[in-house]
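Accompanying notes for the structure given below.
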Amino acid sequence: EAAKTGLESHLASALTDPYGVTEVLAPVPLVRFTQPGSVTDVLFYLYAAGVVVTLLWFFLSYLALRRRVAKGSAPSPDTLEQIHRVADQYGLKVPKQVTVLSGVESAFVCGPLSPVLVLPERAVDDKVILHELLHLKYRDVWAGWLTTALRCLHWCNPFLWFVFDKTGN
């Protein structure tokens with residue numbers, strides 16, 4: 001604490017007071033938007049703006065994907081039968097919504113609360129369907145949301161973006 005105070009005391013931040021008592025105003029600390037008093041204040045505002053911009057970018061990308069998925073068509077009866085056969089064979093649940101989307105290279109699951117199994121227009125192998133049903137079973141979409149939140153918090157760290165890309169793959 002002494003080292004931290006010694007290093008930070010000369011920065012004269014408008015957002016923090018190294019000698020002040022911490023005052024809890026809400027369950028989540030609130031940020032006072034004041035005129036930056038030092039370089040650290042400017043860097044904090046830049047970081048916070050990066051978090052907001054990255055979060056907005058991911059959110060708008062997700063909305064665009066959901067809008068595109070909503071325009072998909074219903075799968076053929078043969079495809080539905082194939083999905084039910086694979087699910088029954090391995091004791092997995094079939095999602096409530098399955099859609100076929102043009103221009104998609106591979107199958108994927110979209111949405112954490114009401115998941116949609118999205119299939120390409122071409123025929124899909126049983127192993128691909130099994131793979132996507134396992135994503136549903138193990139709730140991998142939620143893991144994707146968690147890594148997305150961490151990407152937003154660590155938007156300025158290229159090493160962590162590399163790690164998140166490897167995790168996603």
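For the structure tokens, the naming scheme is as follows: chains receive sequential letters (A, B, ...) according to their order of presentation, residues are indexed from 1 within each chain, and ligands are indexed from 1 in presentation order.
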For this session: Would you please give, as a VMD selection string, all residues of chain A that DSSP assigns to alpha helix (DSSP H) based on the backbone?
Result: chain A and resid 2 to 8 39 to 70 77 to 90 126 to 137 140 to 153 158 to 168
Problem set entry | Distance query A:Val109 at most 10 Å, only C-alpha atoms, self and fewer than 5 positions along chain excluded, as a PyMOL selection string | chain A and resi 95+98+115-119+132-133+135-136+140-141
Exercise. Looking only at the backbone, which of the residues in stretch 86-138 of chain A does DSSP tag as strand (DSSP E), as a ChimeraX atom specification?
Worked result: /A:97-100,108-110,116-119
Output file for the selection above: C-alpha atoms, as a compact mmCIF listing (two decimals), in the first residue's frame:
# COMPACT_ATOMS: atom_id res chain seq x y z
CA GLN A 97 -35.66 -23.97 -33.78
CA VAL A 98 -33.66 -25.28 -36.74
CA THR A 99 -33.10 -23.13 -39.80
CA VAL A 100 -31.29 -23.39 -43.13
CA PHE A 108 -23.47 -23.47 -35.97
CA VAL A 109 -25.56 -22.71 -32.90
CA CYS A 110 -26.73 -19.13 -32.36
CA VAL A 116 -31.09 -21.88 -33.05
CA LEU A 117 -29.34 -24.64 -34.96
CA VAL A 118 -28.28 -23.06 -38.25
CA LEU A 119 -27.49 -25.40 -41.14
Problem set entry | atom CA of A:Gly144 to atom CA of A:Gly168, straight-line distance in Å | 7.3 Å
For this session: For A:Arg67, list every protein, DNA or RNA residue within 12 Å, evaluated using only C-alpha atoms, and leave out those in the same chain fewer than 6 positions away; present the list as a PyMOL selection string.
Result: chain A and resi 60-61+101+110-111
Exercise. In Å, with one decimal, what is the gap from atom CA of A:Arg66 to atom CA of A:Asp125?
Worked result: 24.3 Å
Problem set entry | Spatial neighbours of A:Val53, max dist 10 Å, only C-alpha atoms, sep filter under 5 positions, as a ChimeraX atom specification | /A:47-48,58-59,152,155
Go ahead and write the residues just picked, N, CA, C and O atoms, as a CSV table (one decimal), in the first residue's frame.
chain,number,residue,atom,x,y,z
A,47,TYR,N,-9.6,3.9,-22.0
A,47,TYR,CA,-9.9,2.5,-21.8
A,47,TYR,C,-11.4,2.3,-21.7
A,47,TYR,O,-11.9,1.4,-22.3
A,48,ALA,N,-12.1,3.1,-20.9
A,48,ALA,CA,-13.5,3.0,-20.8
A,48,ALA,C,-14.3,3.1,-22.1
A,48,ALA,O,-15.2,2.4,-22.4
A,58,PHE,N,-19.7,-5.8,-30.7
A,58,PHE,CA,-20.1,-7.2,-30.6
A,58,PHE,C,-21.6,-7.3,-30.5
A,58,PHE,O,-22.2,-8.2,-31.1
A,59,PHE,N,-22.3,-6.4,-29.8
A,59,PHE,CA,-23.7,-6.4,-29.7
A,59,PHE,C,-24.4,-6.2,-31.0
A,59,PHE,O,-25.3,-6.9,-31.4
A,152,CYS,N,-14.1,-7.6,-24.4
A,152,CYS,CA,-14.5,-6.2,-24.2
A,152,CYS,C,-13.7,-5.5,-23.1
A,152,CYS,O,-13.2,-4.4,-23.2
A,155,TRP,N,-9.9,-5.2,-24.4
A,155,TRP,CA,-9.8,-4.8,-25.8
A,155,TRP,C,-8.4,-4.3,-26.2
A,155,TRP,O,-8.1,-4.5,-27.4
Can you tell me, as a PDB file with all heavy atoms, in the first residue's frame, what residues are no more than 12 Å from A:Asp78 when counting only C-alpha atoms, ignoring any on the same chain fewer than 6 positions away?
ATOM      1  N   HIS A  84     -33.165 -35.567 -35.653  1.00  0.00           N
ATOM      2  CA  HIS A  84     -33.815 -36.340 -34.581  1.00  0.00           C
ATOM      3  C   HIS A  84     -33.168 -37.714 -34.417  1.00  0.00           C
ATOM      4  O   HIS A  84     -33.025 -38.194 -33.291  1.00  0.00           O
ATOM      5  CB  HIS A  84     -35.315 -36.476 -34.860  1.00  0.00           C
ATOM      6  CG  HIS A  84     -36.079 -35.231 -34.561  1.00  0.00           C
ATOM      7  ND1 HIS A  84     -36.430 -34.862 -33.286  1.00  0.00           N
ATOM      8  CD2 HIS A  84     -36.546 -34.246 -35.375  1.00  0.00           C
ATOM      9  CE1 HIS A  84     -37.086 -33.716 -33.316  1.00  0.00           C
ATOM     10  NE2 HIS A  84     -37.170 -33.318 -34.580  1.00  0.00           N
ATOM     11  N   ARG A  85     -32.769 -38.320 -35.508  1.00  0.00           N
ATOM     12  CA  ARG A  85     -32.109 -39.628 -35.438  1.00  0.00           C
ATOM     13  C   ARG A  85     -30.776 -39.523 -34.685  1.00  0.00           C
ATOM     14  O   ARG A  85     -30.479 -40.331 -33.796  1.00  0.00           O
ATOM     15  CB  ARG A  85     -31.888 -40.185 -36.848  1.00  0.00           C
ATOM     16  CG  ARG A  85     -31.371 -41.618 -36.853  1.00  0.00           C
ATOM     17  CD  ARG A  85     -31.121 -42.156 -38.258  1.00  0.00           C
ATOM     18  NE  ARG A  85     -29.946 -41.513 -38.828  1.00  0.00           N
ATOM     19  CZ  ARG A  85     -29.937 -40.697 -39.867  1.00  0.00           C
ATOM     20  NH1 ARG A  85     -31.061 -40.397 -40.495  1.00  0.00           N
ATOM     21  NH2 ARG A  85     -28.827 -40.158 -40.315  1.00  0.00           N
ATOM     22  N   ALA A 123     -26.061 -30.691 -47.952  1.00  0.00           N
ATOM     23  CA  ALA A 123     -26.269 -31.794 -47.001  1.00  0.00           C
ATOM     24  C   ALA A 123     -25.180 -31.764 -45.926  1.00  0.00           C
ATOM     25  O   ALA A 123     -24.018 -31.446 -46.201  1.00  0.00           O
ATOM     26  CB  ALA A 123     -26.237 -33.125 -47.737  1.00  0.00           C
ATOM     27  N   VAL A 124     -25.580 -32.092 -44.706  1.00  0.00           N
ATOM     28  CA  VAL A 124     -24.663 -32.063 -43.573  1.00  0.00           C
ATOM     29  C   VAL A 124     -24.493 -33.480 -43.039  1.00  0.00           C
ATOM     30  O   VAL A 124     -25.467 -34.227 -42.892  1.00  0.00           O
ATOM     31  CB  VAL A 124     -25.197 -31.126 -42.463  1.00  0.00           C
ATOM     32  CG1 VAL A 124     -24.274 -31.108 -41.272  1.00  0.00           C
ATOM     33  CG2 VAL A 124     -25.392 -29.730 -42.994  1.00  0.00           C
TER      34      VAL A 124
END
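Computed from the coordinates, the atom CA of A:Val42 to atom CA of A:Asp165 distance equals 29.3 Å.
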Problem set entry | Shell of 8 Å around A:Ile83, only C-alpha atoms, local chain residues under 3 positions omitted, as a VMD selection string | chain A and resid 79 to 80 86 to 87 94 126 129
